[in-house]
2 protein chains.
Amino acid sequence: MSDREHLKNAGLKSTLPRLKVLNLFEHSKERHLSAEDVYRQLLTSGDDVGLATVYRVLTQFEQAGLLIRHHFESGKAVFELNSGSHHDHIVCMQCGHVEEFFDPGIEARQKKAAADRGFTVHDHSLYIYADCNRPQCPNRDGKN
Amino acid sequence: MSDREHLKNAGLKSTLPRLKVLNLFEHSKERHLSAEDVYRQLLTSGDDVGLATVYRVLTQFEQAGLLIRHHFESGKAVFELNSGSHHDHIVCMQCGHVEEFFDPGIEARQKKAAADRGFTVHDHSLYIYADCNRPQCPNRDGKN
DNA sequence: CGTGCAATGAGAATAGTTGTCATTTCCTTG
DNA sequence: CAAGGAAATGACAACTATTCTCATTGCACG
């Protein structure tokens, strides 16, 4: 399916800024991007899109289910393409590197914990903050 | 142990603003408070403390291990007294009501997921977003 | 290809939080 | 108990992330 159709299916008019943002998420090396990241990368590649538009488009994409919004520790939102398969995140506190994982046992226990208390679950977020210990991880702070 | 000693033990000079903030957390009906909440409640009870001081004190308390900082969905930080016993949170999306739970199975599986990938865990956060379904939950949004 | 409504861009506005700096408070010592 | 110096405070400016406003532009549809 083309990006144009993708947007149509999501109930969104197919406009230039939206195509650029979607394309960026599909081809960027980084899987998790903040609004600022998106804005800068588009600027760099010569595709001028206003920052306000980036924010609007990201929110629309989230509502349409194309993107997932995360709030890592920084208090600043990052987005990733919605692959359809839910997963949780391990974030390196030194370099910001993110790895994903999925544990059906954890999912099941969460559901149960909520159900036991009478809650109807809409969503959940699990972030593990850690050191990635990879050789290429610079032990500098303040990158994010 | 008195609040003064509490602060001393934490390596913090015992000042009026810090005592007021600590006291508020110990006696407030709400367990989870934002900086703004703390500021307003102190104003209301006639204890004038500057907003900047509230922020500073909260951060110091967090570093001293007296408080725990959470980032719920809103992107705005809330704090709770550190009871020493770790737990996770279920947050009602309708009324902001928070319930706590602890599941050793979830904890263990998280540790394993990280260890399997070579990470050294520092911390983690698990929030379940749900409807609390309590009779007293007003189904209005926009409270938070 | 024009027309209308939705989308965009620029910049102002807002929310939450941190930084600056002159003034005040707390603890120690005399 | 008073004085002094370091640390803490308060008022406000500054900053970051995000949303709002509104005049202009661009898409889809006939």
# chains A, B, ... in the order shown; residues from 1 in each chain; ligands from 1
$ residues_around --residues "range 2-4 of chain C" --least-positions-apart "6" --cutoff "12 Å" --atoms "only C-alpha atoms (C1' of nucleotides)" --output "VMD selection string"
chain D and resid 26 to 30
$ calpha_fit_and_write --fixed "chain B" --moving "chain A" --output "CSV table (one decimal) with N, CA and C atoms, in the first residue's frame"
chain,number,residue,atom,x,y,z
A,1,MET,N,10.7,9.0,64.5
A,1,MET,CA,11.7,10.1,64.1
A,1,MET,C,10.9,11.3,63.7
A,2,SER,N,11.4,12.4,64.2
A,2,SER,CA,10.7,13.7,63.8
A,2,SER,C,11.1,14.1,62.4
A,3,ASP,N,10.4,15.0,61.9
A,3,ASP,CA,10.7,15.5,60.5
A,3,ASP,C,12.0,16.1,60.4
A,4,ARG,N,12.4,16.9,61.5
A,4,ARG,CA,13.7,17.5,61.5
A,4,ARG,C,14.8,16.4,61.4
A,5,GLU,N,14.7,15.4,62.2
A,5,GLU,CA,15.7,14.3,62.1
A,5,GLU,C,15.7,13.6,60.7
A,6,HIS,N,14.4,13.5,60.2
A,6,HIS,CA,14.3,12.9,58.9
A,6,HIS,C,15.1,13.6,57.9
A,7,LEU,N,15.0,14.9,57.9
A,7,LEU,CA,15.8,15.8,57.0
A,7,LEU,C,17.3,15.6,57.2
A,8,LYS,N,17.7,15.7,58.5
A,8,LYS,CA,19.1,15.6,58.9
A,8,LYS,C,19.6,14.3,58.3
A,9,ASN,N,18.9,13.2,58.6
A,9,ASN,CA,19.4,11.9,58.1
A,9,ASN,C,19.6,11.9,56.6
A,10,ALA,N,18.7,12.6,55.9
A,10,ALA,CA,18.8,12.6,54.4
A,10,ALA,C,19.9,13.6,54.0
A,11,GLY,N,20.6,14.2,54.9
A,11,GLY,CA,21.7,15.1,54.5
A,11,GLY,C,21.2,16.5,54.1
A,12,LEU,N,20.0,16.8,54.6
A,12,LEU,CA,19.4,18.1,54.2
A,12,LEU,C,19.2,19.0,55.4
A,13,LYS,N,19.6,20.3,55.2
A,13,LYS,CA,19.5,21.2,56.3
A,13,LYS,C,18.0,21.4,56.6
A,14,SER,N,17.7,21.4,57.9
A,14,SER,CA,16.2,21.5,58.3
A,14,SER,C,15.7,22.9,58.2
A,15,THR,N,15.1,23.3,57.1
A,15,THR,CA,14.5,24.6,57.0
A,15,THR,C,13.0,24.6,56.9
A,16,LEU,N,12.4,25.8,57.1
A,16,LEU,CA,11.0,25.9,57.2
A,16,LEU,C,10.3,25.3,56.0
A,17,PRO,N,10.7,25.8,54.7
A,17,PRO,CA,10.0,25.3,53.6
A,17,PRO,C,10.1,23.8,53.4
A,18,ARG,N,11.2,23.2,53.7
A,18,ARG,CA,11.4,21.7,53.6
A,18,ARG,C,10.5,21.0,54.6
A,19,LEU,N,10.4,21.5,55.8
A,19,LEU,CA,9.5,20.9,56.8
A,19,LEU,C,8.1,21.0,56.4
A,20,LYS,N,7.7,22.1,55.8
A,20,LYS,CA,6.3,22.2,55.4
A,20,LYS,C,6.0,21.3,54.3
A,21,VAL,N,6.9,21.1,53.3
A,21,VAL,CA,6.6,20.2,52.2
A,21,VAL,C,6.5,18.8,52.7
A,22,LEU,N,7.5,18.4,53.5
A,22,LEU,CA,7.5,17.0,54.0
A,22,LEU,C,6.2,16.8,54.8
A,23,ASN,N,5.9,17.7,55.6
A,23,ASN,CA,4.7,17.5,56.4
A,23,ASN,C,3.4,17.4,55.5
A,24,LEU,N,3.4,18.2,54.5
A,24,LEU,CA,2.3,18.1,53.6
A,24,LEU,C,2.1,16.7,53.0
A,25,PHE,N,3.2,16.1,52.6
A,25,PHE,CA,3.2,14.8,52.0
A,25,PHE,C,2.7,13.7,53.0
A,26,GLU,N,3.2,14.0,54.3
A,26,GLU,CA,2.8,13.0,55.3
A,26,GLU,C,1.4,13.1,55.7
A,27,HIS,N,0.7,14.2,55.5
A,27,HIS,CA,-0.6,14.4,56.0
A,27,HIS,C,-1.7,14.6,55.0
A,28,SER,N,-1.3,14.8,53.7
A,28,SER,CA,-2.2,15.1,52.7
A,28,SER,C,-3.1,13.9,52.4
A,29,LYS,N,-4.3,14.2,52.0
A,29,LYS,CA,-5.3,13.1,51.7
A,29,LYS,C,-4.8,12.4,50.4
A,30,GLU,N,-4.4,13.2,49.5
A,30,GLU,CA,-3.9,12.7,48.2
A,30,GLU,C,-2.4,12.2,48.4
A,31,ARG,N,-2.2,11.0,47.9
A,31,ARG,CA,-0.9,10.5,48.0
A,31,ARG,C,0.1,11.0,46.9
A,32,HIS,N,-0.5,11.3,45.8
A,32,HIS,CA,0.4,11.8,44.6
A,32,HIS,C,0.1,13.2,44.3
A,33,LEU,N,1.2,14.0,44.5
A,33,LEU,CA,1.0,15.5,44.3
A,33,LEU,C,2.0,16.0,43.3
A,34,SER,N,1.6,17.0,42.5
A,34,SER,CA,2.4,17.7,41.6
A,34,SER,C,3.0,18.9,42.3
A,35,ALA,N,4.0,19.5,41.7
A,35,ALA,CA,4.6,20.7,42.2
A,35,ALA,C,3.6,21.8,42.4
A,36,GLU,N,2.7,21.9,41.4
A,36,GLU,CA,1.7,22.9,41.5
A,36,GLU,C,0.7,22.6,42.7
A,37,ASP,N,0.4,21.3,42.8
A,37,ASP,CA,-0.5,20.9,44.0
A,37,ASP,C,0.1,21.3,45.3
A,38,VAL,N,1.4,21.0,45.5
A,38,VAL,CA,2.1,21.3,46.7
A,38,VAL,C,2.0,22.8,46.9
A,39,TYR,N,2.4,23.6,45.9
A,39,TYR,CA,2.4,25.0,46.0
A,39,TYR,C,1.0,25.6,46.4
A,40,ARG,N,0.0,25.1,45.8
A,40,ARG,CA,-1.4,25.6,46.0
A,40,ARG,C,-1.8,25.2,47.5
A,41,GLN,N,-1.6,24.0,47.9
A,41,GLN,CA,-2.0,23.6,49.2
A,41,GLN,C,-1.3,24.4,50.3
A,42,LEU,N,0.0,24.7,50.1
A,42,LEU,CA,0.7,25.4,51.1
A,42,LEU,C,0.2,26.9,51.1
A,43,LEU,N,-0.1,27.4,49.9
A,43,LEU,CA,-0.7,28.8,49.9
A,43,LEU,C,-2.0,28.8,50.7
A,44,THR,N,-2.9,27.8,50.4
A,44,THR,CA,-4.2,27.7,51.0
A,44,THR,C,-4.1,27.7,52.5
A,45,SER,N,-3.1,26.9,53.0
A,45,SER,CA,-3.0,26.8,54.5
A,45,SER,C,-2.2,27.9,55.1
A,46,GLY,N,-1.9,28.9,54.3
A,46,GLY,CA,-1.3,30.1,54.8
A,46,GLY,C,0.3,30.0,54.9
A,47,ASP,N,0.8,28.9,54.5
A,47,ASP,CA,2.2,28.7,54.5
A,47,ASP,C,2.8,29.1,53.2
A,48,ASP,N,3.2,30.3,53.1
A,48,ASP,CA,3.7,30.8,51.8
A,48,ASP,C,5.1,30.3,51.5
A,49,VAL,N,5.2,29.5,50.4
A,49,VAL,CA,6.5,29.0,50.0
A,49,VAL,C,6.6,29.3,48.5
A,50,GLY,N,7.7,29.9,48.0
A,50,GLY,CA,7.8,30.2,46.6
A,50,GLY,C,7.7,28.9,45.7
A,51,LEU,N,7.2,29.1,44.5
A,51,LEU,CA,7.1,28.0,43.6
A,51,LEU,C,8.4,27.4,43.3
A,52,ALA,N,9.4,28.3,43.0
A,52,ALA,CA,10.8,27.8,42.7
A,52,ALA,C,11.3,26.9,43.8
A,53,THR,N,11.0,27.3,45.0
A,53,THR,CA,11.5,26.6,46.2
A,53,THR,C,10.8,25.2,46.2
A,54,VAL,N,9.5,25.2,45.9
A,54,VAL,CA,8.8,23.9,45.9
A,54,VAL,C,9.5,23.0,44.9
A,55,TYR,N,9.8,23.5,43.7
A,55,TYR,CA,10.5,22.6,42.7
A,55,TYR,C,11.8,22.1,43.2
A,56,ARG,N,12.6,23.1,43.8
A,56,ARG,CA,13.9,22.7,44.3
A,56,ARG,C,13.8,21.6,45.4
A,57,VAL,N,12.9,21.9,46.4
A,57,VAL,CA,12.8,20.9,47.5
A,57,VAL,C,12.3,19.6,47.0
A,58,LEU,N,11.4,19.5,46.1
A,58,LEU,CA,10.9,18.2,45.5
A,58,LEU,C,12.1,17.5,44.9
A,59,THR,N,12.9,18.2,44.1
A,59,THR,CA,14.0,17.5,43.5
A,59,THR,C,15.0,17.0,44.5
A,60,GLN,N,15.3,17.8,45.5
A,60,GLN,CA,16.2,17.4,46.6
A,60,GLN,C,15.6,16.2,47.3
A,61,PHE,N,14.4,16.2,47.6
A,61,PHE,CA,13.8,15.1,48.3
A,61,PHE,C,13.9,13.8,47.5
A,62,GLU,N,13.7,14.0,46.2
A,62,GLU,CA,13.8,12.9,45.3
A,62,GLU,C,15.2,12.3,45.4
A,63,GLN,N,16.2,13.2,45.2
A,63,GLN,CA,17.6,12.7,45.3
A,63,GLN,C,17.9,12.1,46.6
A,64,ALA,N,17.3,12.6,47.6
A,64,ALA,CA,17.6,12.1,49.0
A,64,ALA,C,16.8,10.8,49.2
A,65,GLY,N,16.0,10.4,48.3
A,65,GLY,CA,15.2,9.2,48.5
A,65,GLY,C,14.0,9.3,49.3
A,66,LEU,N,13.6,10.5,49.7
A,66,LEU,CA,12.4,10.7,50.5
A,66,LEU,C,11.1,10.6,49.6
A,67,LEU,N,11.2,11.1,48.3
A,67,LEU,CA,10.1,11.1,47.4
A,67,LEU,C,10.4,10.3,46.2
A,68,ILE,N,9.4,9.9,45.5
A,68,ILE,CA,9.5,9.2,44.2
A,68,ILE,C,8.8,10.1,43.2
A,69,ARG,N,9.5,10.3,42.1
A,69,ARG,CA,8.9,11.1,41.0
A,69,ARG,C,8.3,10.2,39.9
A,70,HIS,N,7.1,10.5,39.5
A,70,HIS,CA,6.5,9.8,38.5
A,70,HIS,C,6.1,10.7,37.3
A,71,HIS,N,6.2,10.1,36.1
A,71,HIS,CA,5.7,10.9,34.9
A,71,HIS,C,4.5,10.1,34.4
A,72,PHE,N,3.3,10.5,34.8
A,72,PHE,CA,2.1,9.9,34.3
A,72,PHE,C,1.9,10.5,32.9
A,73,GLU,N,0.8,10.2,32.2
A,73,GLU,CA,0.6,10.5,30.8
A,73,GLU,C,0.8,12.0,30.5
A,74,SER,N,0.3,12.8,31.5
A,74,SER,CA,0.2,14.3,31.2
A,74,SER,C,1.5,14.9,30.9
A,75,GLY,N,2.6,14.3,31.2
A,75,GLY,CA,3.9,14.9,30.9
A,75,GLY,C,4.3,15.8,32.1
A,76,LYS,N,3.4,15.9,33.1
A,76,LYS,CA,3.7,16.7,34.3
A,76,LYS,C,4.1,15.8,35.4
A,77,ALA,N,5.1,16.1,36.2
A,77,ALA,CA,5.6,15.2,37.2
A,77,ALA,C,4.7,15.2,38.5
A,78,VAL,N,4.5,14.0,39.1
A,78,VAL,CA,3.9,14.0,40.4
A,78,VAL,C,4.8,13.2,41.3
A,79,PHE,N,4.7,13.5,42.6
A,79,PHE,CA,5.6,12.9,43.6
A,79,PHE,C,4.7,12.1,44.6
A,80,GLU,N,5.4,11.1,45.2
A,80,GLU,CA,4.7,10.5,46.4
A,80,GLU,C,5.8,10.1,47.4
A,81,LEU,N,5.4,10.0,48.6
A,81,LEU,CA,6.4,9.6,49.7
A,81,LEU,C,6.9,8.2,49.3
A,82,ASN,N,8.2,8.1,49.5
A,82,ASN,CA,8.9,6.8,49.3
A,82,ASN,C,8.7,5.9,50.5
A,83,SER,N,7.8,5.0,50.3
A,83,SER,CA,7.5,4.1,51.5
A,83,SER,C,8.5,3.0,51.6
A,84,GLY,N,9.4,2.9,50.7
A,84,GLY,CA,10.4,1.9,50.8
A,84,GLY,C,10.0,0.6,50.0
A,85,SER,N,8.7,0.4,49.9
A,85,SER,CA,8.3,-0.8,49.2
A,85,SER,C,7.8,-0.4,47.8
A,86,HIS,N,8.5,-0.9,46.8
A,86,HIS,CA,8.2,-0.5,45.4
A,86,HIS,C,6.8,-1.0,45.0
A,87,HIS,N,6.2,-0.2,44.1
A,87,HIS,CA,4.9,-0.7,43.6
A,87,HIS,C,4.7,0.0,42.3
A,88,ASP,N,3.7,-0.5,41.5
A,88,ASP,CA,3.4,0.1,40.2
A,88,ASP,C,2.0,0.8,40.4
A,89,HIS,N,1.6,1.4,39.3
A,89,HIS,CA,0.4,2.3,39.4
A,89,HIS,C,-0.7,2.0,38.3
A,90,ILE,N,-1.9,2.1,38.7
A,90,ILE,CA,-3.0,2.1,37.8
A,90,ILE,C,-3.7,3.4,37.9
A,91,VAL,N,-3.7,4.1,36.7
A,91,VAL,CA,-4.2,5.5,36.8
A,91,VAL,C,-5.6,5.6,36.0
A,92,CYS,N,-6.6,6.1,36.6
A,92,CYS,CA,-7.9,6.2,36.0
A,92,CYS,C,-7.8,7.4,35.0
A,93,MET,N,-8.2,7.2,33.7
A,93,MET,CA,-8.1,8.2,32.7
A,93,MET,C,-9.3,9.2,32.8
A,94,GLN,N,-10.3,8.8,33.6
A,94,GLN,CA,-11.4,9.7,33.7
A,94,GLN,C,-11.3,10.7,34.9
A,95,CYS,N,-10.8,10.2,36.0
A,95,CYS,CA,-10.8,11.1,37.2
A,95,CYS,C,-9.4,11.2,37.8
A,96,GLY,N,-8.4,10.5,37.3
A,96,GLY,CA,-7.1,10.7,37.8
A,96,GLY,C,-6.8,9.9,39.1
A,97,HIS,N,-7.8,9.1,39.5
A,97,HIS,CA,-7.6,8.2,40.7
A,97,HIS,C,-6.5,7.2,40.4
A,98,VAL,N,-5.6,7.1,41.5
A,98,VAL,CA,-4.5,6.2,41.3
A,98,VAL,C,-4.6,5.0,42.3
A,99,GLU,N,-4.4,3.8,41.8
A,99,GLU,CA,-4.3,2.7,42.8
A,99,GLU,C,-2.9,2.0,42.5
A,100,GLU,N,-2.4,1.5,43.6
A,100,GLU,CA,-1.1,0.9,43.5
A,100,GLU,C,-1.1,-0.6,43.6
A,101,PHE,N,-0.2,-1.3,43.0
A,101,PHE,CA,-0.1,-2.7,43.1
A,101,PHE,C,1.3,-3.2,43.0
A,102,PHE,N,1.5,-4.4,43.4
A,102,PHE,CA,2.8,-5.0,43.3
A,102,PHE,C,2.7,-6.4,42.9
A,103,ASP,N,3.5,-6.8,41.9
A,103,ASP,CA,3.4,-8.2,41.4
A,103,ASP,C,4.8,-8.7,41.2
A,104,PRO,N,5.2,-9.6,42.1
A,104,PRO,CA,6.6,-10.1,42.1
A,104,PRO,C,6.9,-10.7,40.8
A,105,GLY,N,5.9,-11.4,40.2
A,105,GLY,CA,6.2,-12.0,38.9
A,105,GLY,C,6.5,-11.0,37.8
A,106,ILE,N,5.8,-9.9,37.8
A,106,ILE,CA,6.2,-8.9,36.8
A,106,ILE,C,7.6,-8.4,37.0
A,107,GLU,N,7.9,-8.1,38.3
A,107,GLU,CA,9.2,-7.6,38.6
A,107,GLU,C,10.3,-8.5,38.1
A,108,ALA,N,10.1,-9.8,38.4
A,108,ALA,CA,11.1,-10.8,38.1
A,108,ALA,C,11.3,-10.9,36.6
A,109,ARG,N,10.2,-10.8,35.8
A,109,ARG,CA,10.3,-11.0,34.4
A,109,ARG,C,10.9,-9.7,33.8
A,110,GLN,N,10.7,-8.6,34.4
A,110,GLN,CA,11.4,-7.4,33.9
A,110,GLN,C,12.9,-7.5,34.0
A,111,LYS,N,13.3,-7.9,35.2
A,111,LYS,CA,14.7,-8.1,35.5
A,111,LYS,C,15.3,-9.0,34.5
A,112,LYS,N,14.6,-10.1,34.2
A,112,LYS,CA,15.2,-11.1,33.3
A,112,LYS,C,15.3,-10.5,31.9
A,113,ALA,N,14.2,-9.8,31.4
A,113,ALA,CA,14.2,-9.2,30.1
A,113,ALA,C,15.4,-8.3,29.9
A,114,ALA,N,15.7,-7.5,30.9
A,114,ALA,CA,16.8,-6.6,30.8
A,114,ALA,C,18.2,-7.3,30.8
A,115,ALA,N,18.3,-8.3,31.8
A,115,ALA,CA,19.5,-9.0,31.9
A,115,ALA,C,19.8,-9.8,30.7
A,116,ASP,N,18.8,-10.4,30.1
A,116,ASP,CA,19.0,-11.2,28.8
A,116,ASP,C,19.6,-10.3,27.7
A,117,ARG,N,19.4,-9.0,27.8
A,117,ARG,CA,19.9,-8.1,26.7
A,117,ARG,C,21.2,-7.4,27.2
A,118,GLY,N,21.7,-7.8,28.3
A,118,GLY,CA,23.0,-7.2,28.8
A,118,GLY,C,22.8,-5.9,29.5
A,119,PHE,N,21.6,-5.5,29.8
A,119,PHE,CA,21.4,-4.2,30.5
A,119,PHE,C,21.5,-4.3,32.0
A,120,THR,N,22.0,-3.2,32.6
A,120,THR,CA,22.0,-3.1,34.1
A,120,THR,C,20.9,-2.2,34.5
A,121,VAL,N,19.9,-2.8,35.1
A,121,VAL,CA,18.7,-2.0,35.5
A,121,VAL,C,18.9,-1.0,36.6
A,122,HIS,N,18.5,0.2,36.4
A,122,HIS,CA,18.5,1.2,37.5
A,122,HIS,C,17.1,1.4,38.1
A,123,ASP,N,16.2,1.3,37.2
A,123,ASP,CA,14.8,1.7,37.6
A,123,ASP,C,13.8,1.3,36.6
A,124,HIS,N,12.6,1.3,36.9
A,124,HIS,CA,11.6,1.0,35.9
A,124,HIS,C,10.3,1.7,36.3
A,125,SER,N,9.4,1.9,35.3
A,125,SER,CA,8.1,2.5,35.6
A,125,SER,C,7.1,1.7,34.8
A,126,LEU,N,6.0,1.3,35.5
A,126,LEU,CA,4.9,0.7,34.8
A,126,LEU,C,3.6,1.4,35.2
A,127,TYR,N,3.0,1.9,34.2
A,127,TYR,CA,1.7,2.6,34.5
A,127,TYR,C,0.6,1.9,33.6
A,128,ILE,N,-0.5,1.6,34.2
A,128,ILE,CA,-1.6,1.1,33.5
A,128,ILE,C,-2.7,2.2,33.5
A,129,TYR,N,-3.1,2.5,32.2
A,129,TYR,CA,-4.1,3.6,32.1
A,129,TYR,C,-5.5,2.9,31.8
A,130,ALA,N,-6.4,3.3,32.6
A,130,ALA,CA,-7.7,2.5,32.6
A,130,ALA,C,-8.8,3.4,33.1
A,131,ASP,N,-10.0,2.8,33.1
A,131,ASP,CA,-11.2,3.5,33.8
A,131,ASP,C,-11.4,2.7,35.1
A,132,CYS,N,-11.6,3.5,36.1
A,132,CYS,CA,-11.7,2.9,37.5
A,132,CYS,C,-13.0,2.3,37.7
A,133,ASN,N,-14.1,2.8,37.0
A,133,ASN,CA,-15.4,2.2,37.2
A,133,ASN,C,-16.0,2.4,38.5
A,134,ARG,N,-15.5,3.2,39.4
A,134,ARG,CA,-16.0,3.4,40.7
A,134,ARG,C,-17.3,4.3,40.6
A,135,PRO,N,-18.3,4.1,41.5
A,135,PRO,CA,-19.5,4.9,41.4
A,135,PRO,C,-19.1,6.4,41.5
A,136,GLN,N,-18.2,6.7,42.4
A,136,GLN,CA,-17.8,8.1,42.6
A,136,GLN,C,-17.0,8.7,41.5
A,137,CYS,N,-16.7,7.9,40.4
A,137,CYS,CA,-15.9,8.4,39.3
A,137,CYS,C,-16.7,9.2,38.4
A,138,PRO,N,-16.6,10.5,38.3
A,138,PRO,CA,-17.3,11.3,37.4
A,138,PRO,C,-16.8,11.0,36.0
A,139,ASN,N,-17.6,10.7,35.0
A,139,ASN,CA,-17.1,10.3,33.7
A,139,ASN,C,-16.7,11.6,32.9
A,140,ARG,N,-16.4,12.6,33.6
A,140,ARG,CA,-16.0,13.8,32.9
A,140,ARG,C,-14.5,13.7,32.5
A,141,ASP,N,-14.1,14.3,31.5
A,141,ASP,CA,-12.7,14.4,31.1
A,141,ASP,C,-12.1,15.7,31.5
A,142,GLY,N,-10.9,15.9,31.2
A,142,GLY,CA,-10.2,17.2,31.4
A,142,GLY,C,-10.1,17.7,32.8
A,143,LYS,N,-10.1,16.7,33.8
A,143,LYS,CA,-9.9,17.1,35.1
A,143,LYS,C,-8.4,17.4,35.4
A,144,ASN,N,-7.6,16.5,34.8
A,144,ASN,CA,-6.2,16.6,35.1
A,144,ASN,C,-5.5,17.8,34.4
$ closest_atom_pairs --of "chain C" --to "chain B" --cutoff "10 Å" --atoms "only C-alpha atoms (C1' of nucleotides)" --output "Markdown table"
| residue | atom | partner | partner_atom | distance |
| --- | --- | --- | --- | --- |
| C:DA15 | C1' | B:Lys76 | CA | 9.2 |
| C:DG16 | C1' | B:Lys76 | CA | 6.9 |
| C:DT17 | C1' | B:Tyr55 | CA | 7.9 |
| C:DT18 | C1' | B:Ala52 | CA | 8.3 |
| C:DG19 | C1' | B:Ala52 | CA | 9.9 |
| C:DT25 | C1' | B:Thr15 | CA | 7.9 |
| C:DC26 | C1' | B:Thr15 | CA | 7.3 |
| C:DC27 | C1' | B:Lys13 | CA | 9.0 |
$ select_by_dssp --residues "range 5-141 of chain A" --states "strand (DSSP E or B)" --output "PyMOL selection string"
chain A and resi 33-34+67-71+77-81+88-92+98-101+120-131
$ write_last_selection --atoms "C-alpha atoms" --output "mmCIF file, in the first residue's frame"
data_model
loop_
_atom_site.group_PDB
_atom_site.id
_atom_site.type_symbol
_atom_site.label_atom_id
_atom_site.label_comp_id
_atom_site.auth_asym_id
_atom_site.auth_seq_id
_atom_site.Cartn_x
_atom_site.Cartn_y
_atom_site.Cartn_z
ATOM 1 C CA LEU A 33 11.642 10.300 17.112
ATOM 2 C CA SER A 34 10.556 13.406 19.000
ATOM 3 C CA LEU A 67 2.065 6.189 15.465
ATOM 4 C CA ILE A 68 2.492 5.441 19.135
ATOM 5 C CA ARG A 69 3.402 8.180 21.569
ATOM 6 C CA HIS A 70 5.764 7.461 24.425
ATOM 7 C CA HIS A 71 6.742 9.515 27.426
ATOM 8 C CA ALA A 77 7.252 12.841 23.864
ATOM 9 C CA VAL A 78 8.733 10.481 21.297
ATOM 10 C CA PHE A 79 6.876 8.602 18.589
ATOM 11 C CA GLU A 80 7.355 5.350 16.756
ATOM 12 C CA LEU A 81 5.559 3.645 13.891
ATOM 13 C CA ASP A 88 7.695 -2.524 25.916
ATOM 14 C CA HIS A 89 10.938 -0.579 26.088
ATOM 15 C CA ILE A 90 14.314 -0.633 27.736
ATOM 16 C CA VAL A 91 15.945 2.771 27.577
ATOM 17 C CA CYS A 92 19.660 3.318 28.149
ATOM 18 C CA VAL A 98 16.161 1.891 23.062
ATOM 19 C CA GLU A 99 15.509 -1.811 22.806
ATOM 20 C CA GLU A 100 12.107 -3.399 22.621
ATOM 21 C CA PHE A 101 10.799 -6.528 24.218
ATOM 22 C CA THR A 120 -11.041 -1.479 32.572
ATOM 23 C CA VAL A 121 -7.646 -1.228 30.930
ATOM 24 C CA HIS A 122 -7.164 1.122 27.992
ATOM 25 C CA ASP A 123 -3.443 1.120 27.739
ATOM 26 C CA HIS A 124 -0.268 0.648 29.665
ATOM 27 C CA SER A 125 3.336 1.691 29.497
ATOM 28 C CA LEU A 126 6.343 -0.112 30.839
ATOM 29 C CA TYR A 127 9.774 1.433 30.616
ATOM 30 C CA ILE A 128 12.916 -0.033 32.061
ATOM 31 C CA TYR A 129 15.708 2.474 32.623
ATOM 32 C CA ALA A 130 19.130 0.926 32.498
ATOM 33 C CA ASP A 131 22.679 1.029 31.162
#
$ atom_distance --atom1 "C1' of DA13 in chain C" --atom2 "C1' of DT25 in chain D"
23.6 Å
$ closest_residue --among "C:DT8, C:DT14, C:DT23, C:DT28" --to "DC22 in chain D" --atoms "only C-alpha atoms (C1' of nucleotides)"
C:DT8
$ interface_residues --of "chain D" --to "chain B" --cutoff "12 Å" --atoms "only C-alpha atoms (C1' of nucleotides)" --output "number ranges by chain"
D: 6-12, 17-18
$ write_last_selection --atoms "N, CA and C atoms (P, O5', C5', C4', C3', O3' and C1' of nucleotides)" --output "short mmCIF file (atom, residue, chain, number, x, y, z; two decimals), in the first residue's frame"
data_model
loop_
_atom_site.label_atom_id
_atom_site.label_comp_id
_atom_site.auth_asym_id
_atom_site.auth_seq_id
_atom_site.Cartn_x
_atom_site.Cartn_y
_atom_site.Cartn_z
P DA D 6 31.70 31.45 53.43
"O5'" DA D 6 31.06 30.01 53.21
"C5'" DA D 6 30.95 29.10 54.30
"C4'" DA D 6 29.58 28.41 54.25
"C3'" DA D 6 29.14 28.02 52.83
"O3'" DA D 6 28.59 26.72 52.87
"C1'" DA D 6 27.48 29.36 53.85
P DA D 7 28.18 25.94 51.54
"O5'" DA D 7 26.61 25.78 51.72
"C5'" DA D 7 26.08 25.44 53.00
"C4'" DA D 7 24.60 25.78 53.01
"C3'" DA D 7 23.86 25.36 51.74
"O3'" DA D 7 22.67 24.71 52.14
"C1'" DA D 7 23.45 27.63 52.21
P DA D 8 21.56 24.26 51.13
"O5'" DA D 8 20.42 25.36 51.38
"C5'" DA D 8 19.89 25.49 52.69
"C4'" DA D 8 18.71 26.44 52.65
"C3'" DA D 8 17.67 26.12 51.59
"O3'" DA D 8 16.39 26.34 52.17
"C1'" DA D 8 18.50 28.30 51.24
P DT D 9 15.08 26.13 51.34
"O5'" DT D 9 14.70 27.63 50.99
"C5'" DT D 9 14.42 28.53 52.06
"C4'" DT D 9 14.11 29.90 51.54
"C3'" DT D 9 12.95 29.95 50.54
"O3'" DT D 9 11.95 30.79 51.10
"C1'" DT D 9 14.83 31.21 49.78
P DG D 10 10.47 30.78 50.47
"O5'" DG D 10 10.53 32.07 49.56
"C5'" DG D 10 10.83 33.31 50.16
"C4'" DG D 10 10.77 34.41 49.12
"C3'" DG D 10 9.60 34.32 48.13
"O3'" DG D 10 9.11 35.65 47.96
"C1'" DG D 10 11.67 34.28 46.93
P DA D 11 7.77 35.96 47.20
"O5'" DA D 11 8.29 36.76 45.92
"C5'" DA D 11 9.22 37.83 46.11
"C4'" DA D 11 9.77 38.26 44.77
"C3'" DA D 11 8.74 38.25 43.63
"O3'" DA D 11 8.89 39.44 42.90
"C1'" DA D 11 10.63 36.93 43.04
P DC D 12 7.88 39.79 41.68
"O5'" DC D 12 8.76 39.42 40.41
"C5'" DC D 12 10.13 39.86 40.35
"C4'" DC D 12 10.86 39.13 39.25
"C3'" DC D 12 10.06 38.95 37.94
"O3'" DC D 12 10.93 39.26 36.88
"C1'" DC D 12 11.02 36.95 38.56
P DA D 17 12.99 20.45 24.76
"O5'" DA D 17 11.42 20.24 24.74
"C5'" DA D 17 10.80 19.63 25.87
"C4'" DA D 17 9.32 19.79 25.74
"C3'" DA D 17 8.74 19.33 24.40
"O3'" DA D 17 7.71 18.38 24.69
"C1'" DA D 17 7.95 21.50 24.95
P DT D 18 6.94 17.69 23.47
"O5'" DT D 18 5.71 18.69 23.31
"C5'" DT D 18 4.86 18.92 24.44
"C4'" DT D 18 3.89 20.03 24.14
"C3'" DT D 18 3.02 19.81 22.91
"O3'" DT D 18 1.69 19.54 23.37
"C1'" DT D 18 3.72 22.07 23.15
#
